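Worksheet: one structure, shown below.
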Amino acid sequence: MWFRMLVMKLSSTAVQQSPAASAAPLYAGPADVACDFCTGARRRKALMSCLTCLASCCETHLQPHYNVPVLKKHKLVPATDKLQEKMCSSHNKLMEVFCRTDQQAICYLCTMDEHKGHDTVSAAAEKAEKQKQLVTSQEEVQQKIQEKKKELKDLRQVLEGLNRSADASVEASDRIFSEMMVSIQRRRAELKQLIRDQQQNAVSQTEALLRQQEQTLDQLERRHAELEELSNTEDIITFIQSFQSLSSSTGSPVSPSVVVCPLRSFTDVTDVVSGLRDQLDNILTTTWPQISNRVCAVDVDDPAEPQTRKDFLQYSCPLSLDINTINRDLTLSEEKRKVTKTRQQQPYPDNAERFVGYGQVLCTEGLSERRYWEVERRSVREAAIAVCYKDTNRRDYFGFNDKSWCLWCYSNDYCFRHNSVNTKVSGPVSSRVGVYLDHKAGTLSFYSVSDTMTLLHTVQTTFTQPLYPGIGLTYYGDTVELCKTW
């Protein structure tokens, strides 16, 4: 209180002596902090607040804190209306201490009672520590800002590249299709002209032959009429004379004989053109999935390739073996994850999906995304770990056609097979094999799984249908199980 009285007294003197007193006062507005020493209906705007006096001062009433030695020791801060928040509610003292144990600001009296024995430092020291952390945080944020700016720049470049690439692809595709249509139209016109030319030539020949045969027919009919008339002549001398006259004249008109063949037409041409159409349709049908896959493969937000087993396991999916495809030499566990080769054939009903001749089985699930699964071999001398299309030949071994890809696992080594082509595979032999499929990217990888994962073999191709995991067994008593990693 005496501080406040002293300040008031000194401020009054300062007001009388200060040249600034005659200047127009700056009054506090609604958003400003008002001076605690000003009186009257309107108070001036405070410039600083004193943490010792717990008061805010305008320019005039602040002068004693600059001039009086005892007041110079007070701590001034920019004007604030939250001075009370800086005071301890228990002791009404300035909170100049920070309790690290309770993570709160306290006054020095608090360190003697409820915070006694706690880890305390001065508020200034805590601020300095926090300031270091703040600098570190600022640096981290600044680094992230730079990284994000780079990512944004890269994404904008990707966006521009995507637009340019898509526009160029559309333009090129339009040009190529236009060229194909122009070529087809040109061949169409050529064929049409060829048919018309051949038609005109054949018609001209036929009409000429027709006229020739009509003339010959007329001559023959006249000759027939003369002979008929002679045959009706009763006078002997006239008959003899006429007969000699007819006999001495040119004989019956002769013209080349014409063998009339069955009607000939251009039907064969139509059949050939229809065959061409079917071939084009077949090419388009076969090629379109490849084109579509290439288009769909353009994906900006493509997740990174997995590196660790933990990364792979996030793509695990539930799999179960399909009893409708299992060969009769195999038995299936109740949970449909384990298969065993047996000597006694099983009474499975006939099914067009069932493998015959070889001990193989497919999973029920068709995969067309990123997927990972593991297979465990138990006392197995030879096993096939495969994927294939749904319509793979049910009489073929896995890997012996172009619709199946297979890692053959032996006791001491591996072999990869596709379309009857064998590829020797080296790598650590383990009882567990991991299979990673990225259908969109056309990637199929096999891993030896133990304490670590070792890549055995990778296939890069284009998959046009969903892939079904499969298992094949050769020797009786061997067992393979789909591991439950999901």
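Ligands are numbered from 1 in the order shown, residues from 1 within each chain, and chains are lettered A, B, ... in the order they appear in the structure tokens.
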Just asking: which residues within range 319-419 of chain A are strand (DSSP E or B) according to DSSP, as an NGL selection string?
:A and (321 or 330-332 or 338-341 or 359-363 or 367 or 370-378 or 382-388 or 404-410 or 414-418)
I'd like the contact shell of Val380 in chain A - 10 Å cut-off, only C-alpha atoms, skipping same-chain residues fewer than 3 positions apart - returned as a list in words.
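That gives Glu376, Arg377, Ala383, Cys409, Tyr410, Ser411, Ser431, Leu473, Thr474, Tyr475, Tyr476, Gly477, Asp478, Thr479 and Val480 of chain A.
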Suppose we keep N, CA, C and O atoms; can you now write the selection as a compact mmCIF listing (two decimals), in the first residue's frame?
# COMPACT_ATOMS: atom_id res chain seq x y z
N GLU A 376 3.67 -73.11 -43.70
CA GLU A 376 4.57 -73.91 -42.87
C GLU A 376 4.61 -75.35 -43.39
O GLU A 376 3.58 -75.99 -43.57
N ARG A 377 5.85 -75.84 -43.66
CA ARG A 377 6.04 -77.22 -44.11
C ARG A 377 6.45 -78.08 -42.91
O ARG A 377 7.30 -77.66 -42.12
N ALA A 383 7.15 -79.80 -51.80
CA ALA A 383 5.87 -79.08 -51.72
C ALA A 383 5.88 -77.93 -52.71
O ALA A 383 6.91 -77.31 -52.98
N CYS A 409 9.46 -76.39 -53.25
CA CYS A 409 10.33 -76.45 -52.09
C CYS A 409 10.76 -77.90 -51.85
O CYS A 409 9.90 -78.78 -51.64
N TYR A 410 12.08 -78.15 -51.87
CA TYR A 410 12.61 -79.48 -51.64
C TYR A 410 13.31 -79.52 -50.29
O TYR A 410 13.33 -78.54 -49.55
N SER A 411 13.92 -80.64 -49.98
CA SER A 411 14.56 -80.79 -48.66
C SER A 411 15.74 -79.86 -48.51
O SER A 411 16.00 -79.34 -47.41
N SER A 431 11.49 -74.04 -42.84
CA SER A 431 10.20 -74.73 -42.90
C SER A 431 9.06 -73.76 -43.25
O SER A 431 7.98 -74.20 -43.64
N LEU A 473 1.30 -81.22 -52.90
CA LEU A 473 2.12 -82.20 -52.18
C LEU A 473 2.36 -83.42 -53.06
O LEU A 473 1.48 -83.82 -53.84
N THR A 474 3.54 -84.01 -52.92
CA THR A 474 3.93 -85.14 -53.76
C THR A 474 4.00 -86.45 -53.00
O THR A 474 3.55 -87.50 -53.49
N TYR A 475 4.55 -86.42 -51.78
CA TYR A 475 4.81 -87.64 -51.03
C TYR A 475 3.77 -87.85 -49.92
O TYR A 475 3.33 -86.90 -49.28
N TYR A 476 3.42 -89.12 -49.72
CA TYR A 476 2.44 -89.47 -48.69
C TYR A 476 2.96 -89.10 -47.30
O TYR A 476 4.14 -89.29 -46.99
N GLY A 477 2.07 -88.60 -46.47
CA GLY A 477 2.41 -88.23 -45.10
C GLY A 477 2.88 -86.80 -44.94
O GLY A 477 2.94 -86.29 -43.82
N ASP A 478 3.22 -86.13 -46.03
CA ASP A 478 3.66 -84.73 -45.94
C ASP A 478 2.47 -83.82 -45.62
O ASP A 478 1.35 -84.05 -46.08
N THR A 479 2.76 -82.76 -44.84
CA THR A 479 1.72 -81.83 -44.41
C THR A 479 2.19 -80.39 -44.59
O THR A 479 3.34 -80.07 -44.31
N VAL A 480 1.28 -79.55 -45.06
CA VAL A 480 1.55 -78.13 -45.21
C VAL A 480 0.37 -77.36 -44.61
O VAL A 480 -0.79 -77.76 -44.77
Interatomic distance (Å, one decimal) between CA of Thr458 in chain A and CA of Trp486 in chain A:
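Separating CA of Thr458 in chain A from CA of Trp486 in chain A is a distance of 22.9 Å.
For the set A:Val339, A:Glu353, A:Ser450, A:Arg395, the residue with the smallest atom-to-atom gap to Gly472 in chain A is A:Val339, counting only C-alpha atoms.
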Residues near Lys338 in chain A, anyone? I mean within 10 Å using only C-alpha atoms, not counting same-chain ones fewer than 2 positions away, as a ChimeraX atom specification.
/A:320-321,331-336,340,375-377,471,479-483
